Amino acid sequence: MTNPILEIKNLNKSFGALKATDDVSITLNAGEIHALIGPNGAGKSTLIKQICGGLSSDSGSVIFNGQDLAGLDVAERAQLGLGRTFQISSVIMEFSALRNVMLAVQANAGTSYRFFKNVRTDKKLVDRAMAILARVELEGRADVSAAELSHGERRQLEIALALALEPKAFLLDEPMAGMGPEGSKRLISFLDGLRKEAPILLIEHDMDAVFSLADRISVLVYGRVVASGTVDEIRNNPAVREAYLGE
Ligand code: ADP
Ligand code: MG
């Protein structure tokens, strides 16, 4: 019996008469990628927002490392290590890639950005930020402003900013969106390794990515979890094939 890092219990959220999430319960265990799939409008993004605190829940609870997150806002949840990333763009366009990462490292350490001008002279900070840039293969672009990075590189920078915060779990809402095949391939292999550091709740439309990465898959349709299981179980589930894969 594994102890889940993240335990979502009976979450509900309605927008007027629409039940966007309907009694959703899922868990995220150490070391795993749990993919959440489902058609457009199924409630996937709503669920992620409820988990990270961006959206209040009508009922239900989110337990993270044994702690009930009720009443905590996005920043407080992030402080506990719940990383919702790759879609909130916190990149500062006019700063270099390196400076962006240094800011995130400082934010994580709780240091304010005091050394605005001389920040490059803080060797420990530079080294740490460069190490993070290297992990996303951007070390060669350290001094390029975020505005001048390609779309794909900027996505890599967003990942670097997320890593700087050392999350204990990742909530990723369509991280491959807008990426070309090369970028997607690189991201898939990156996420594959990342799960060892922190488990990932992954919303993704790219089924090849989902099937190659997921340890478990849950299928959301009209706000309800209609199936949950291993890749093979989900692939071979007739209800899923009908409701989601369109067969
Ligand atoms: P998914 O991410 O699975 O595509 P969403 O969670 O974005 O689905 O949306 C689920 C449903 O809730 C959709 O019908 C959407 O139109 C509705 N919805 C989402 N956010 C809001 C909102 N802020 N106000 C009203 N309806 C919303
Ligand atoms: Mg969505």
# chains A, B, ... in the order shown; residues from 1 in each chain; ligands from 1
>>> closest_atom_pairs(of="segment 212-236 of chain A", to="segment 9-31 of chain A", cutoff="10 Å", atoms="only C-alpha atoms", output="tab-separated table")
residue	atom	partner	partner_atom	distance
A:Asp215	CA	A:Gly31	CA	9.2
A:Arg216	CA	A:Leu28	CA	9.3
A:Ser218	CA	A:Ile26	CA	8.0
A:Leu220	CA	A:Val24	CA	8.8
A:Val221	CA	A:Thr21	CA	9.2
A:Tyr222	CA	A:Ala20	CA	6.8
A:Gly223	CA	A:Thr21	CA	4.0
A:Arg224	CA	A:Asp22	CA	5.2
A:Val225	CA	A:Val24	CA	6.2
A:Val226	CA	A:Val24	CA	9.8
A:Ser228	CA	A:Ile26	CA	8.8
>>> residues_near_ligand(ligand="ligand 2", cutoff="10 Å", atoms="only C-alpha atoms and all ligand atoms", output="ChimeraX atom specification")
/A:37-49,173-174,203-205
>>> write_last_selection(atoms="N, CA and C atoms", output="compact mmCIF listing (two decimals), in the first residue's frame")
# COMPACT_ATOMS: atom_id res chain seq x y z
N ILE A 37 -6.86 12.17 -19.04
CA ILE A 37 -7.28 12.44 -20.42
C ILE A 37 -8.79 12.60 -20.47
N GLY A 38 -9.26 13.09 -21.58
CA GLY A 38 -10.69 13.30 -21.74
C GLY A 38 -10.94 14.35 -22.79
N PRO A 39 -12.14 14.34 -23.38
CA PRO A 39 -12.43 15.29 -24.46
C PRO A 39 -12.42 16.74 -23.98
N ASN A 40 -12.39 17.67 -24.90
CA ASN A 40 -12.47 19.09 -24.56
C ASN A 40 -13.70 19.36 -23.71
N GLY A 41 -13.52 20.17 -22.68
CA GLY A 41 -14.64 20.53 -21.83
C GLY A 41 -14.95 19.49 -20.77
N ALA A 42 -14.10 18.46 -20.65
CA ALA A 42 -14.36 17.38 -19.69
C ALA A 42 -14.15 17.83 -18.24
N GLY A 43 -13.42 18.94 -18.05
CA GLY A 43 -13.18 19.41 -16.69
C GLY A 43 -11.74 19.23 -16.23
N LYS A 44 -10.85 18.90 -17.15
CA LYS A 44 -9.46 18.62 -16.76
C LYS A 44 -8.77 19.86 -16.19
N SER A 45 -8.88 20.97 -16.92
CA SER A 45 -8.22 22.20 -16.44
C SER A 45 -8.87 22.71 -15.16
N THR A 46 -10.18 22.56 -15.09
CA THR A 46 -10.89 22.96 -13.86
C THR A 46 -10.33 22.19 -12.67
N LEU A 47 -10.15 20.89 -12.85
CA LEU A 47 -9.63 20.06 -11.76
C LEU A 47 -8.24 20.51 -11.32
N ILE A 48 -7.37 20.78 -12.31
CA ILE A 48 -6.01 21.24 -11.99
C ILE A 48 -6.07 22.55 -11.20
N LYS A 49 -6.96 23.45 -11.61
CA LYS A 49 -7.09 24.73 -10.91
C LYS A 49 -7.60 24.52 -9.49
N ASP A 173 -0.63 21.02 -17.33
CA ASP A 173 -1.82 21.11 -18.19
C ASP A 173 -1.37 21.31 -19.63
N GLU A 174 -1.33 20.24 -20.38
CA GLU A 174 -0.97 20.24 -21.79
C GLU A 174 0.39 20.88 -22.09
N ILE A 203 -1.96 16.33 -17.83
CA ILE A 203 -3.04 16.44 -18.80
C ILE A 203 -2.39 16.60 -20.16
N GLU A 204 -2.76 15.73 -21.09
CA GLU A 204 -2.13 15.81 -22.40
C GLU A 204 -3.04 15.22 -23.47
N HIS A 205 -3.12 15.95 -24.59
CA HIS A 205 -3.94 15.48 -25.71
C HIS A 205 -3.18 14.50 -26.60
>>> atom_distance(atom1="atom CA of Glu139 of chain A", atom2="atom CA of Lys196 of chain A")
22.7 Å
>>> residues_around(residues="Val231 of chain A", least_positions_apart="3", cutoff="10 Å", atoms="only C-alpha atoms", output="VMD selection string")
chain A and resid 35 210 to 218 228 234 to 237
>>> atom_distance(atom1="atom CA of Leu201 of chain A", atom2="atom CA of His151 of chain A")
23.6 Å
>>> residues_around(residues="Pro199 of chain A", least_positions_apart="3", cutoff="10 Å", atoms="only C-alpha atoms", output="compact mmCIF listing (two decimals) with N, CA and C atoms, in the first residue's frame")
# COMPACT_ATOMS: atom_id res chain seq x y z
N PRO A 4 -0.12 7.97 -1.07
CA PRO A 4 -0.09 8.96 -2.15
C PRO A 4 0.50 10.28 -1.68
N ILE A 5 1.25 10.93 -2.57
CA ILE A 5 1.76 12.28 -2.28
C ILE A 5 0.60 13.26 -2.37
N LEU A 6 -0.25 13.01 -3.36
CA LEU A 6 -1.40 13.89 -3.58
C LEU A 6 -2.66 13.04 -3.62
N LEU A 28 -2.00 10.56 -6.63
CA LEU A 28 -0.71 10.64 -7.31
C LEU A 28 0.34 10.08 -6.35
N ASN A 29 1.00 9.01 -6.78
CA ASN A 29 1.98 8.34 -5.93
C ASN A 29 3.40 8.77 -6.28
N ALA A 30 4.30 8.57 -5.35
CA ALA A 30 5.71 8.88 -5.59
C ALA A 30 6.20 8.16 -6.83
N GLY A 31 6.96 8.86 -7.66
CA GLY A 31 7.62 8.23 -8.79
C GLY A 31 6.77 8.01 -10.02
N GLU A 32 5.52 8.41 -9.98
CA GLU A 32 4.67 8.07 -11.13
C GLU A 32 4.23 9.28 -11.94
N ILE A 33 3.87 8.96 -13.19
CA ILE A 33 3.15 9.91 -14.02
C ILE A 33 1.72 9.38 -14.15
N HIS A 34 0.78 10.17 -13.65
CA HIS A 34 -0.63 9.82 -13.75
C HIS A 34 -1.23 10.76 -14.79
N PRO A 167 9.71 21.64 -6.90
CA PRO A 167 8.40 21.14 -6.48
C PRO A 167 8.46 19.68 -6.04
N LYS A 168 7.49 19.31 -5.21
CA LYS A 168 7.38 17.92 -4.76
C LYS A 168 6.34 17.16 -5.58
N ALA A 169 5.60 17.88 -6.41
CA ALA A 169 4.68 17.26 -7.36
C ALA A 169 4.40 18.28 -8.46
N PHE A 170 4.24 17.77 -9.68
CA PHE A 170 3.95 18.65 -10.81
C PHE A 170 2.52 18.45 -11.29
N LEU A 171 1.86 19.54 -11.61
CA LEU A 171 0.54 19.50 -12.24
C LEU A 171 0.71 20.15 -13.61
N LEU A 191 10.35 14.58 -19.21
CA LEU A 191 9.33 14.24 -18.21
C LEU A 191 9.53 12.82 -17.70
N LEU A 194 11.95 13.14 -15.07
CA LEU A 194 11.50 14.04 -14.00
C LEU A 194 10.65 13.33 -12.95
N ARG A 195 9.92 12.29 -13.35
CA ARG A 195 9.02 11.62 -12.41
C ARG A 195 9.75 11.06 -11.20
N LYS A 196 11.04 10.76 -11.38
CA LYS A 196 11.81 10.22 -10.24
C LYS A 196 11.98 11.29 -9.16
N LEU A 202 -0.46 14.64 -15.27
CA LEU A 202 -0.24 15.13 -16.62
C LEU A 202 -1.52 15.13 -17.44
>>> closest_residue(among="A:Leu80, A:Ile159, A:Leu55, A:Leu125", to="Phe190 of chain A", atoms="only C-alpha atoms")
A:Ile159
>>> select_by_dssp(residues="segment 24-246 of chain A", states="alpha helix (DSSP H)", output="JSON, numbers by chain")
{"A": [44, 45, 46, 47, 48, 49, 50, 51, 52, 74, 75, 76, 77, 78, 79, 97, 98, 99, 100, 101, 102, 103, 104, 105, 106, 107, 108, 109, 123, 124, 125, 126, 127, 128, 129, 130, 131, 132, 133, 134, 135, 151, 152, 153, 154, 155, 156, 157, 158, 159, 160, 161, 162, 163, 164, 181, 182, 183, 184, 185, 186, 187, 188, 189, 190, 191, 192, 193, 194, 207, 208, 209, 210, 211, 212, 213, 231, 232, 233, 234, 235, 238, 239, 240, 241, 242, 243]}
>>> residues_around(residues="segment 66-71 of chain A", least_positions_apart="2", cutoff="10 Å", atoms="only C-alpha atoms", output="list of chain:residue names")
A:Asn3, A:Pro4, A:Ile5, A:Leu6, A:Glu7, A:Ile8, A:Ile51, A:Cys52, A:Gly53, A:Ser56, A:Ser57, A:Gly60, A:Ser61, A:Val62, A:Ile63, A:Phe64, A:Asp73, A:Val74, A:Glu76, A:Arg77, A:Leu80
>>> closest_residue(among="A:Val91, A:Ala146, A:Leu72, A:Ala162", to="Asn108 of chain A", atoms="only C-alpha atoms")
A:Ala162
>>> select_by_dssp(residues="segment 51-245 of chain A", states="strand (DSSP E)", output="PyMOL selection string")
chain A and resi 59-64+67-68+82-85+169-173+200-203+216-221+224-229
>>> closest_residue(among="A:Leu172, A:Leu157, A:Leu149, A:Asp208", to="ligand 1", atoms="only C-alpha atoms and all ligand atoms")
A:Leu172
>>> decode(residues="segment 10-28 of chain A", atoms="N, CA and C atoms", output="short mmCIF file (atom, residue, chain, number, x, y, z; two decimals), in the first residue's frame")
data_model
loop_
_atom_site.label_atom_id
_atom_site.label_comp_id
_atom_site.auth_asym_id
_atom_site.auth_seq_id
_atom_site.Cartn_x
_atom_site.Cartn_y
_atom_site.Cartn_z
N ASN A 10 -13.20 13.43 -3.86
CA ASN A 10 -14.58 13.87 -4.12
C ASN A 10 -14.69 15.36 -4.44
N LEU A 11 -13.84 15.83 -5.32
CA LEU A 11 -13.89 17.25 -5.68
C LEU A 11 -15.06 17.55 -6.61
N ASN A 12 -15.71 18.65 -6.34
CA ASN A 12 -16.83 19.12 -7.15
C ASN A 12 -16.66 20.59 -7.48
N LYS A 13 -17.07 20.94 -8.71
CA LYS A 13 -17.12 22.36 -9.06
C LYS A 13 -18.19 22.56 -10.13
N SER A 14 -19.15 23.44 -9.83
CA SER A 14 -20.17 23.78 -10.81
C SER A 14 -20.02 25.22 -11.25
N PHE A 15 -20.29 25.44 -12.54
CA PHE A 15 -20.43 26.81 -13.05
C PHE A 15 -21.90 26.95 -13.42
N GLY A 16 -22.67 27.60 -12.59
CA GLY A 16 -24.11 27.64 -12.81
C GLY A 16 -24.66 26.23 -12.80
N ALA A 17 -25.37 25.86 -13.86
CA ALA A 17 -25.98 24.54 -13.91
C ALA A 17 -24.98 23.46 -14.38
N LEU A 18 -23.81 23.91 -14.85
CA LEU A 18 -22.84 22.97 -15.41
C LEU A 18 -21.93 22.37 -14.33
N LYS A 19 -21.93 21.05 -14.25
CA LYS A 19 -21.00 20.40 -13.31
C LYS A 19 -19.68 20.16 -14.03
N ALA A 20 -18.70 21.01 -13.79
CA ALA A 20 -17.42 20.90 -14.50
C ALA A 20 -16.60 19.73 -13.96
N THR A 21 -16.60 19.57 -12.65
CA THR A 21 -16.01 18.37 -12.05
C THR A 21 -17.05 17.78 -11.10
N ASP A 22 -17.20 16.46 -11.20
CA ASP A 22 -18.30 15.78 -10.54
C ASP A 22 -17.77 14.63 -9.68
N ASP A 23 -17.50 14.95 -8.41
CA ASP A 23 -17.08 13.92 -7.47
C ASP A 23 -15.80 13.21 -7.91
N VAL A 24 -14.80 13.99 -8.27
CA VAL A 24 -13.55 13.42 -8.77
C VAL A 24 -12.62 13.02 -7.62
N SER A 25 -12.19 11.77 -7.65
CA SER A 25 -11.20 11.28 -6.70
C SER A 25 -10.06 10.62 -7.46
N ILE A 26 -8.85 11.12 -7.30
CA ILE A 26 -7.68 10.47 -7.89
C ILE A 26 -6.48 10.65 -6.96
N THR A 27 -5.48 9.82 -7.16
CA THR A 27 -4.28 9.93 -6.32
C THR A 27 -3.05 10.02 -7.21
N LEU A 28 -2.00 10.56 -6.63
CA LEU A 28 -0.71 10.64 -7.31
C LEU A 28 0.34 10.08 -6.35
#
